[in-house]
Amino acid sequence: MSEDPRCCGTGTCIIDPEGRCWCGQQWDGEKMAMPKLELSADEAQKPSSKPNQPSSPSQ
């Protein structure tokens, strides 16, 4: 079996033709890295709510 140069060095990488490893990392052309989060157009337009935000003190 030939060693894939994209392997992280653990010897356990299983990389598909698109460069995705079973662990979730993806080949970016230079190194294995976690893929960027891609949001749908609907999710990108939603206002983000920030839980646990302290409210303004009332006077």
# chains A, B, ... in the order shown; residues from 1 in each chain; ligands from 1

call {"tool": "residues_around", "arguments": {"residues": "range 31-45 of chain A", "least_positions_apart": "5", "cutoff": "9 Å", "atoms": "only C-alpha atoms", "output": "list in words"}}
result
Arg6, Cys7, Cys8, Gly19, Arg20, Cys21, Gly24, Gln25 and Gln26 of chain A

call {"tool": "residues_around", "arguments": {"residues": "Trp22 in chain A", "least_positions_apart": "5", "cutoff": "7 Å", "atoms": "only C-alpha atoms", "output": "PyMOL selection string"}}
result
chain A and resi 13-15
